[in-house]
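Asks: Below: one structure in C-alpha cells.
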Amino acid sequence: MNPSITDVDAATLAAWLAQRGEPAYRLKQIRRAIAHSTAADFGGLTDLPLGLRGALAEAFRWSSVELATEVASADGETRKVLLRLHDGHHIESVLMPHHGERNSVCISTQAGCPMACAFCATGEMGLIRDLTRGEIVDQVRYWQRELRSRDDRVSHVVYMGMGEPLNNYGPVMGSVRALTDPELFGISPRRITISTCGIVPKIDALAEEGLPIDLAVSLHAANDRTRAMIMPVNRKWGVDDVLDASARYVEKTKRRLTFEYILLKGVNDSVADAERLGRRIAARGRTSMYHVNLIPVNAGPGGFERPSAEAMELFARTLESHRIAATVRISKGQDIAAGCGQLKVPEGRAAVPL
Ligand code: SAH
C-alpha cells in the first residue's frame with residue numbers, strides 16, 4: 001500500500017520530485033497544500049499540473065484517516081469524529097471551539113492504550129497499535145480542512161486523546177515538528193500541549209528537544225499507594241520520580257507545567273490529600289511554575305464519583321495555601337462521550353477491515 005503523504009518527510013518528497021524532473025519550488029507548494037488546502041484529494045490541487053496530480057495520486061495516499069461517524073454536543077460547539085485507519089481500526093478526535101476565539105483539537109496517539117488507568121475508558125481497550133506520524137497529523141488536518149472552508153483554523157492542539165503520547169515517542173515528535181513547521185501547519189509550539197501519565201525517561205527526553213511546548217502530567221494522587229491503585233504505571237515510576245522529572249523539565253525548559261488531578265470522591269479528594277499534594281510539589285521549589293488542573297471525574301469505568309462542589313473548592317484552596325495555583329475544570333462534550341478519559345471505540349468496530 002502507498003504511504004500517506006503526511007508520512008512522507010520533506011527530503012523524500014523532494015527526492016521523488018527531483019526524480020520526476022519537477023522544479024524545486026513544487027515541494028513548498030505541495031507541502032503548503034497538504035496542510036491548508038480544502039481539496040478532498042490530489043485531483044483537487046488545481047494549482048499543480050494535471051500530470052503531477054496524477055503521479056502524486058499514484059504514489060501516495062492523500063490521507064491516512066477516513067471519516068466514519070461524527071457527533072456534535074448539545075453545547076453547540078464540541079464535536080467528535082470516529083476516524084477509520086487503513087487497517088480497519090478506529091480512533092477518535094475532538095474539536096473544541098471556544099467562543100470563536102480559539103479552536104482546540106484533541107488528538108489520539110495510539111489506537112487504544114496500554115496504561116489501563118482505572119477511571120479511563122480508553123484504558124479498557126488495551127493497546128491495539130501505535131499511530132504513525134501521518135495518522136496523528138491527519139487528525140489535525142481533518143479539522144483544519146473543515147475549519148478552513150469557513151475561513152477559520154486550528155489554533156491549539158492537545159495530545160490528550162486515546163493513547164499515551166510518550167509511549168509512541170518518535171511519531172509523536174515527528175507530528176509536533178510537522179504541526180509547528182512554518183511551511184506546513186505553522187502552529188506555535190506554545191499552543192501545543194502533550195499530556196503524559198508519567199513516563200519518566202521520556203519526560204527527560206522531551207526536555208532535551210528544545211521545543212517550547214506545554215507539558216501536562218497526569219498525577220491524580222499524591223501518595224504511591226493510591227496512585228498505584230488507580231494508575232498501574234505508578235509501579236514503575238512513583239510519585240517522587242514523576243515530580244522530580246517534572247521539576248527537571250521545568251528547570252530545563254523554563255516552561256510552566258500543569259498537573260492533571262482527577263477528583264475521585266472518597267479516593268483522593270480529602271484535605272489531607274490536598275495538603276500532601278501541595279507539600280510534595282512545593283518541596284521541589286519554583287512553585288510559580290506549576291499549575292494544578294482539578295478535573296471532576298467524568299462518567300467512565302470504575303464507578304468513581306465526583307466530590308461535592310464545596311469539597312473541590314476546598315481542595316483548590318488548600319493547594320493555594322501552599323502557593324500552588326489550582327483551577328477546577330469541567331471537560332466539555334460529555335454528552336457525546338468526548339470528555340477527558342471518555343474516548344473509546346466500541347468493541348467490534350475496532351477491527352472491521354475496509
Ligand atoms: N495518556 C495521557 C494522555 C491522555 S490525556 C495521559 O495520561 O495524560 C487524558 C486525560 O484525561 C488524562 O489526564 C487522564 O488521566 C484524564 N482522564 C482519564 N479518564 C478520565 C475520567 N474518567 N474523567 C476525567 N479525566 C479522565
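Every chain in the C-alpha cells takes a letter, A first, then B, and so on in the order presented; its residues are numbered from 1, and the ligands are numbered from 1 following the presented order.
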Using only C-alpha atoms and all ligand atoms, which protein or nucleic acid residues are at most 7 Å from ligand 1, as JSON, numbers by chain?

Replies: {"A": [119, 120, 121, 159, 160, 161, 162, 163, 164, 165, 195, 196, 197, 216, 217, 218, 260, 262, 295, 296, 297, 298, 299, 300, 340, 341, 342]}

Asks: Using C-alpha atoms, can you export the residues from the last selection as a short mmCIF file (atom, residue, chain, number, x, y, z; two decimals), in the first residue's frame?

Replies:
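Result went into result.cif, see below:
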```
data_model
loop_
_atom_site.label_atom_id
_atom_site.label_comp_id
_atom_site.auth_asym_id
_atom_site.auth_seq_id
_atom_site.Cartn_x
_atom_site.Cartn_y
_atom_site.Cartn_z
CA PHE A 119 -11.02 5.52 35.60
CA CYS A 120 -10.33 5.78 31.86
CA ALA A 121 -12.47 4.28 29.09
CA TYR A 159 -2.30 15.41 22.78
CA MET A 160 -4.99 14.21 25.17
CA GLY A 161 -6.97 11.75 23.10
CA MET A 162 -6.58 7.99 23.04
CA GLY A 163 -3.18 6.60 23.98
CA GLU A 164 -0.04 7.57 25.86
CA PRO A 165 1.91 10.04 23.68
CA SER A 195 -0.14 15.05 28.24
CA THR A 196 1.55 12.06 29.84
CA CYS A 197 0.77 9.63 32.65
CA ALA A 216 0.74 18.23 31.27
CA VAL A 217 1.40 15.41 33.71
CA SER A 218 -1.46 13.20 34.87
CA GLU A 260 -3.80 16.98 35.92
CA ILE A 262 -8.91 13.91 38.64
CA ILE A 295 -10.88 17.60 36.95
CA PRO A 296 -14.10 16.26 38.48
CA VAL A 297 -14.15 12.68 37.17
CA ASN A 298 -16.21 12.10 34.03
CA ALA A 299 -18.52 9.11 33.83
CA GLY A 300 -16.43 6.08 32.95
CA CYS A 340 -11.32 13.52 29.17
CA GLY A 341 -11.00 9.78 29.52
CA GLN A 342 -14.21 9.03 27.63
#
```

Asks: Would you mind listing what lies within 10 Å of Tyr261 of chain A as number ranges by chain, with only C-alpha atoms counted and same-chain residues fewer than 6 positions away left out?

Replies: A: 217-222, 268-269, 277, 292-297, 326, 328

Asks: Dump C-alpha atoms for the selected residues as a PDB file, in the first residue's frame?

Replies:
```
ATOM      1  CA  VAL A 217       1.404  15.412  33.711  1.00  0.00           C
ATOM      2  CA  SER A 218      -1.465  13.204  34.866  1.00  0.00           C
ATOM      3  CA  LEU A 219      -0.741  12.839  38.562  1.00  0.00           C
ATOM      4  CA  HIS A 220      -4.150  12.052  40.100  1.00  0.00           C
ATOM      5  CA  ALA A 221      -2.818  11.122  43.539  1.00  0.00           C
ATOM      6  CA  ALA A 222      -0.129  12.392  45.893  1.00  0.00           C
ATOM      7  CA  ASN A 268      -8.071  11.204  46.512  1.00  0.00           C
ATOM      8  CA  ASP A 269     -10.197  14.240  47.421  1.00  0.00           C
ATOM      9  CA  LEU A 277      -0.019  17.212  47.139  1.00  0.00           C
ATOM     10  CA  VAL A 292      -2.869  22.015  39.095  1.00  0.00           C
ATOM     11  CA  ASN A 293      -5.905  21.309  36.929  1.00  0.00           C
ATOM     12  CA  LEU A 294      -8.534  19.679  39.087  1.00  0.00           C
ATOM     13  CA  ILE A 295     -10.884  17.601  36.947  1.00  0.00           C
ATOM     14  CA  PRO A 296     -14.096  16.258  38.481  1.00  0.00           C
ATOM     15  CA  VAL A 297     -14.148  12.680  37.172  1.00  0.00           C
ATOM     16  CA  ALA A 326      -5.226  25.403  41.083  1.00  0.00           C
ATOM     17  CA  VAL A 328     -11.377  23.220  38.759  1.00  0.00           C
TER      18      VAL A 328
END
```

Asks: Under the rule that only C-alpha atoms are counted, which of A:Glu183, A:Asp130, A:Asp240, A:Asp273 is the nearest residue to Pro114 of chain A?

Replies: A:Asp130

Asks: Just the strand (DSSP E) stuff from segment 57-119 of chain A, please, per backbone DSSP, written as a ChimeraX atom specification.

Replies: /A:66-72,79-84,90-98,102-106,110-112

Asks: Go ahead and write the selection's residues with N, CA and C atoms as an mmCIF file, in the first residue's frame.

Replies:
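Okay, this is what ended up in selection_28.cif:
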```
data_model
loop_
_atom_site.group_PDB
_atom_site.id
_atom_site.type_symbol
_atom_site.label_atom_id
_atom_site.label_comp_id
_atom_site.auth_asym_id
_atom_site.auth_seq_id
_atom_site.Cartn_x
_atom_site.Cartn_y
_atom_site.Cartn_z
ATOM 1 N N GLU A 66 -10.037 8.315 7.534
ATOM 2 C CA GLU A 66 -11.261 8.489 6.761
ATOM 3 C C GLU A 66 -12.408 8.622 7.747
ATOM 4 N N LEU A 67 -13.298 9.567 7.507
ATOM 5 C CA LEU A 67 -14.397 9.791 8.447
ATOM 6 C C LEU A 67 -15.319 8.575 8.504
ATOM 7 N N ALA A 68 -15.594 8.089 9.711
ATOM 8 C CA ALA A 68 -16.582 7.019 9.872
ATOM 9 C C ALA A 68 -17.882 7.648 10.372
ATOM 10 N N THR A 69 -17.835 8.292 11.541
ATOM 11 C CA THR A 69 -19.040 8.993 12.023
ATOM 12 C C THR A 69 -18.630 10.262 12.751
ATOM 13 N N GLU A 70 -19.590 11.187 12.830
ATOM 14 C CA GLU A 70 -19.348 12.424 13.570
ATOM 15 C C GLU A 70 -20.524 12.683 14.504
ATOM 16 N N VAL A 71 -20.233 13.153 15.716
ATOM 17 C CA VAL A 71 -21.309 13.546 16.631
ATOM 18 C C VAL A 71 -21.023 14.944 17.157
ATOM 19 N N ALA A 72 -22.107 15.718 17.360
ATOM 20 C CA ALA A 72 -21.964 17.083 17.878
ATOM 21 C C ALA A 72 -22.605 17.150 19.250
ATOM 22 N N ARG A 79 -17.311 18.857 18.977
ATOM 23 C CA ARG A 79 -17.654 17.796 18.019
ATOM 24 C C ARG A 79 -16.615 16.693 18.096
ATOM 25 N N LYS A 80 -17.072 15.469 17.889
ATOM 26 C CA LYS A 80 -16.163 14.317 17.966
ATOM 27 C C LYS A 80 -16.305 13.500 16.694
ATOM 28 N N VAL A 81 -15.180 13.059 16.141
ATOM 29 C CA VAL A 81 -15.250 12.172 14.980
ATOM 30 C C VAL A 81 -14.613 10.832 15.304
ATOM 31 N N LEU A 82 -15.195 9.811 14.697
ATOM 32 C CA LEU A 82 -14.598 8.487 14.687
ATOM 33 C C LEU A 82 -13.931 8.364 13.331
ATOM 34 N N LEU A 83 -12.631 8.120 13.331
ATOM 35 C CA LEU A 83 -11.881 8.045 12.078
ATOM 36 C C LEU A 83 -11.393 6.623 11.851
ATOM 37 N N ARG A 84 -11.491 6.181 10.594
ATOM 38 C CA ARG A 84 -11.075 4.821 10.256
ATOM 39 C C ARG A 84 -9.657 4.847 9.686
ATOM 40 N N HIS A 90 -10.007 1.995 14.446
ATOM 41 C CA HIS A 90 -10.610 3.334 14.553
ATOM 42 C C HIS A 90 -9.976 4.131 15.685
ATOM 43 N N ILE A 91 -9.991 5.442 15.524
ATOM 44 C CA ILE A 91 -9.548 6.347 16.589
ATOM 45 C C ILE A 91 -10.559 7.495 16.683
ATOM 46 N N GLU A 92 -10.484 8.246 17.774
ATOM 47 C CA GLU A 92 -11.383 9.396 17.919
ATOM 48 C C GLU A 92 -10.583 10.678 18.078
ATOM 49 N N SER A 93 -11.165 11.778 17.568
ATOM 50 C CA SER A 93 -10.582 13.109 17.730
ATOM 51 C C SER A 93 -11.704 14.088 18.044
ATOM 52 N N VAL A 94 -11.349 15.129 18.792
ATOM 53 C CA VAL A 94 -12.375 16.066 19.254
ATOM 54 C C VAL A 94 -11.990 17.497 18.879
ATOM 55 N N LEU A 95 -12.985 18.247 18.380
ATOM 56 C CA LEU A 95 -12.795 19.687 18.131
ATOM 57 C C LEU A 95 -13.498 20.448 19.247
ATOM 58 N N MET A 96 -12.759 21.355 19.890
ATOM 59 C CA MET A 96 -13.336 22.141 20.972
ATOM 60 C C MET A 96 -13.180 23.627 20.667
ATOM 61 N N PRO A 97 -14.148 24.207 19.946
ATOM 62 C CA PRO A 97 -14.059 25.648 19.667
ATOM 63 C C PRO A 97 -14.353 26.413 20.960
ATOM 64 N N HIS A 98 -13.804 27.589 21.067
ATOM 65 C CA HIS A 98 -14.006 28.350 22.297
ATOM 66 C C HIS A 98 -14.424 29.775 21.953
ATOM 67 N N ARG A 102 -10.693 30.560 19.869
ATOM 68 C CA ARG A 102 -9.695 29.533 19.601
ATOM 69 C C ARG A 102 -10.405 28.252 19.166
ATOM 70 N N ASN A 103 -9.669 27.439 18.426
ATOM 71 C CA ASN A 103 -10.183 26.123 18.054
ATOM 72 C C ASN A 103 -9.160 25.095 18.510
ATOM 73 N N SER A 104 -9.454 24.422 19.609
ATOM 74 C CA SER A 104 -8.535 23.402 20.107
ATOM 75 C C SER A 104 -8.940 22.051 19.546
ATOM 76 N N VAL A 105 -7.946 21.294 19.144
ATOM 77 C CA VAL A 105 -8.198 19.947 18.660
ATOM 78 C C VAL A 105 -7.505 18.970 19.596
ATOM 79 N N CYS A 106 -8.237 17.948 20.021
ATOM 80 C CA CYS A 106 -7.693 16.917 20.908
ATOM 81 C C CYS A 106 -7.443 15.669 20.070
ATOM 82 N N GLN A 110 -2.406 6.725 19.910
ATOM 83 C CA GLN A 110 -2.423 5.268 19.773
ATOM 84 C C GLN A 110 -3.878 4.847 19.563
ATOM 85 N N ALA A 111 -4.085 3.708 18.901
ATOM 86 C CA ALA A 111 -5.423 3.110 18.869
ATOM 87 C C ALA A 111 -5.493 2.282 20.140
ATOM 88 N N GLY A 112 -6.404 2.664 21.051
ATOM 89 C CA GLY A 112 -6.416 2.061 22.372
ATOM 90 C C GLY A 112 -5.286 2.632 23.210
#
```

Asks: When you count only C-alpha atoms, which of these residues is closest to Ala247 of chain A: A:Gly278, A:Thr226, A:Ala283, A:Gly266?

Replies: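 Checking each of A:Gly278, A:Thr226, A:Ala283, A:Gly266 against Ala247 of chain A, counting only C-alpha atoms, the winner is A:Ala283.
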
Asks: Pro171 of chain A: which residues within 8 Å, counting only C-alpha atoms, same-chain residues fewer than 4 positions away excluded, as a PDB file with N, CA, C and O atoms, in the first residue's frame?

Replies:
```pdb
ATOM      1  N   LEU A 131       0.026   4.829  16.491  1.00  0.00           N
ATOM      2  CA  LEU A 131      -0.287   5.534  15.248  1.00  0.00           C
ATOM      3  C   LEU A 131       1.006   6.015  14.598  1.00  0.00           C
ATOM      4  O   LEU A 131       2.012   6.222  15.284  1.00  0.00           O
ATOM      5  N   THR A 132       0.975   6.168  13.293  1.00  0.00           N
ATOM      6  CA  THR A 132       2.125   6.739  12.590  1.00  0.00           C
ATOM      7  C   THR A 132       2.065   8.265  12.720  1.00  0.00           C
ATOM      8  O   THR A 132       1.033   8.826  13.113  1.00  0.00           O
ATOM      9  N   ARG A 133       3.179   8.909  12.348  1.00  0.00           N
ATOM     10  CA  ARG A 133       3.188  10.381  12.354  1.00  0.00           C
ATOM     11  C   ARG A 133       2.030  10.922  11.512  1.00  0.00           C
ATOM     12  O   ARG A 133       1.309  11.836  11.925  1.00  0.00           O
ATOM     13  N   ILE A 136      -1.353  10.773  13.109  1.00  0.00           N
ATOM     14  CA  ILE A 136      -1.523  11.792  14.159  1.00  0.00           C
ATOM     15  C   ILE A 136      -1.795  13.146  13.499  1.00  0.00           C
ATOM     16  O   ILE A 136      -2.758  13.835  13.833  1.00  0.00           O
ATOM     17  N   SER A 175       5.159  14.340  14.547  1.00  0.00           N
ATOM     18  CA  SER A 175       3.912  15.080  14.306  1.00  0.00           C
ATOM     19  C   SER A 175       4.014  16.500  14.854  1.00  0.00           C
ATOM     20  O   SER A 175       3.528  17.443  14.232  1.00  0.00           O
TER      21      SER A 175
END
```

Asks: A:Leu166, A:Val8, A:Ile230, A:Leu179: which is nearest Val200 of chain A, counting only C-alpha atoms?

Replies: A:Leu166

Asks: Need to verify the contact set: segment 11-23 of chain A, 12 Å, only C-alpha atoms, exclusion of same-chain residues closer than 6 positions in sequence. Can you return it as a ChimeraX atom specification?

Replies: /A:3-5,29-31,48-49,51-53,55-56,59-60

Asks: Deliver the residues from the most recent selection as a file, using N, CA and C atoms, as a PDB file, in the first residue's frame.

Replies:
```pdb
ATOM      1  N   PRO A   3       2.344   4.934   0.849  1.00  0.00           N
ATOM      2  CA  PRO A   3       2.367   5.716   2.095  1.00  0.00           C
ATOM      3  C   PRO A   3       1.429   6.918   1.998  1.00  0.00           C
ATOM      4  N   SER A   4       0.905   7.308   3.135  1.00  0.00           N
ATOM      5  CA  SER A   4       0.120   8.545   3.173  1.00  0.00           C
ATOM      6  C   SER A   4       1.096   9.714   3.014  1.00  0.00           C
ATOM      7  N   ILE A   5       0.671  10.767   2.343  1.00  0.00           N
ATOM      8  CA  ILE A   5       1.569  11.906   2.065  1.00  0.00           C
ATOM      9  C   ILE A   5       2.090  12.531   3.372  1.00  0.00           C
ATOM     10  N   GLN A  29       5.110  24.143  -2.491  1.00  0.00           N
ATOM     11  CA  GLN A  29       3.723  24.275  -2.938  1.00  0.00           C
ATOM     12  C   GLN A  29       2.873  23.069  -2.474  1.00  0.00           C
ATOM     13  N   ILE A  30       3.433  21.890  -2.634  1.00  0.00           N
ATOM     14  CA  ILE A  30       2.688  20.683  -2.253  1.00  0.00           C
ATOM     15  C   ILE A  30       2.531  20.606  -0.739  1.00  0.00           C
ATOM     16  N   ARG A  31       3.601  20.910  -0.013  1.00  0.00           N
ATOM     17  CA  ARG A  31       3.525  20.823   1.448  1.00  0.00           C
ATOM     18  C   ARG A  31       2.519  21.824   2.003  1.00  0.00           C
ATOM     19  N   LEU A  48      -1.544  22.671  -9.390  1.00  0.00           N
ATOM     20  CA  LEU A  48      -0.496  21.772  -9.892  1.00  0.00           C
ATOM     21  C   LEU A  48      -0.881  21.263 -11.282  1.00  0.00           C
ATOM     22  N   PRO A  49       0.127  20.999 -12.123  1.00  0.00           N
ATOM     23  CA  PRO A  49      -0.173  20.434 -13.440  1.00  0.00           C
ATOM     24  C   PRO A  49      -0.883  19.079 -13.298  1.00  0.00           C
ATOM     25  N   GLY A  51      -0.606  16.263 -14.815  1.00  0.00           N
ATOM     26  CA  GLY A  51       0.256  15.073 -14.796  1.00  0.00           C
ATOM     27  C   GLY A  51       0.847  14.840 -13.414  1.00  0.00           C
ATOM     28  N   LEU A  52       1.240  15.903 -12.763  1.00  0.00           N
ATOM     29  CA  LEU A  52       1.840  15.784 -11.428  1.00  0.00           C
ATOM     30  C   LEU A  52       0.784  15.327 -10.422  1.00  0.00           C
ATOM     31  N   ARG A  53      -0.417  15.868 -10.548  1.00  0.00           N
ATOM     32  CA  ARG A  53      -1.506  15.436  -9.650  1.00  0.00           C
ATOM     33  C   ARG A  53      -1.737  13.937  -9.784  1.00  0.00           C
ATOM     34  N   ALA A  55       0.390  11.681 -10.859  1.00  0.00           N
ATOM     35  CA  ALA A  55       1.542  10.922 -10.362  1.00  0.00           C
ATOM     36  C   ALA A  55       1.534  10.881  -8.833  1.00  0.00           C
ATOM     37  N   LEU A  56       1.178  11.998  -8.210  1.00  0.00           N
ATOM     38  CA  LEU A  56       1.090  12.024  -6.740  1.00  0.00           C
ATOM     39  C   LEU A  56       0.040  11.016  -6.261  1.00  0.00           C
ATOM     40  N   ALA A  59       1.346   7.555  -6.339  1.00  0.00           N
ATOM     41  CA  ALA A  59       2.445   7.204  -5.434  1.00  0.00           C
ATOM     42  C   ALA A  59       2.068   7.287  -3.956  1.00  0.00           C
ATOM     43  N   PHE A  60       1.103   8.165  -3.622  1.00  0.00           N
ATOM     44  CA  PHE A  60       0.796   8.428  -2.207  1.00  0.00           C
ATOM     45  C   PHE A  60      -0.702   8.425  -1.955  1.00  0.00           C
TER      46      PHE A  60
END
```

Asks: Which of these residues is nearest to Gln144 of chain A, using only C-alpha atoms: A:Ser63, A:Ser308, A:Ser321, A:Ser37?

Replies: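 Closest candidate: A:Ser37.
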
Asks: Fewer than 6 positions away in the same chain doesn't count, so skip those; otherwise give me all residues within 12 Å of Glu209 of chain A, counting only C-alpha atoms, as a VMD selection string.

Replies: chain A and resid 169 to 170 173 to 174 176 to 177 189 202 to 203 249 252 to 253

Asks: How about saving the chosen residues, C-alpha atoms kept, as a short mmCIF file (atom, residue, chain, number, x, y, z; two decimals), in the first residue's frame?

Replies:
```
data_model
loop_
_atom_site.label_atom_id
_atom_site.label_comp_id
_atom_site.auth_asym_id
_atom_site.auth_seq_id
_atom_site.Cartn_x
_atom_site.Cartn_y
_atom_site.Cartn_z
CA TYR A 169 7.66 8.98 21.12
CA GLY A 170 9.15 9.10 17.61
CA MET A 173 7.67 14.17 17.97
CA GLY A 174 7.51 13.87 14.18
CA VAL A 176 4.85 18.02 16.56
CA ARG A 177 7.52 19.01 14.05
CA PRO A 189 4.70 25.24 19.80
CA LYS A 202 10.64 10.26 28.01
CA ILE A 203 9.83 13.38 30.03
CA TYR A 249 11.50 19.59 32.79
CA LYS A 252 15.46 22.78 31.60
CA THR A 253 12.68 24.36 29.53
#
```

Asks: I'd like the contact shell of Ala39 of chain A - 12 Å cut-off, only C-alpha atoms, skipping same-chain residues fewer than 3 positions apart - returned as a list in words.

Replies: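 Counting only C-alpha atoms, the residues come to Ala33, Ile34, Ala35, His36, Phe42, Gly43, Gly44, Leu45, Thr46, Asp47, Trp62, Ser63, Arg141, Tyr142, Gln144, Arg145, Glu146, Arg148 and Ser149 of chain A.
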
Asks: With only C-alpha atoms as the basis for distance, which of A:His89, A:Arg256, A:Arg150, A:Arg279 is at the shortest distance from Val65 of chain A?

Replies: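 Using only C-alpha atoms, the shortest distance to Val65 of chain A belongs to A:His89.
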
Asks: When DSSP works through the backbone of this structure, what residues of segment 74-233 of chain A end up as alpha helix (DSSP H), shown as number ranges by chain?

Replies: A: 133-148, 169-180, 200-208, 224-230
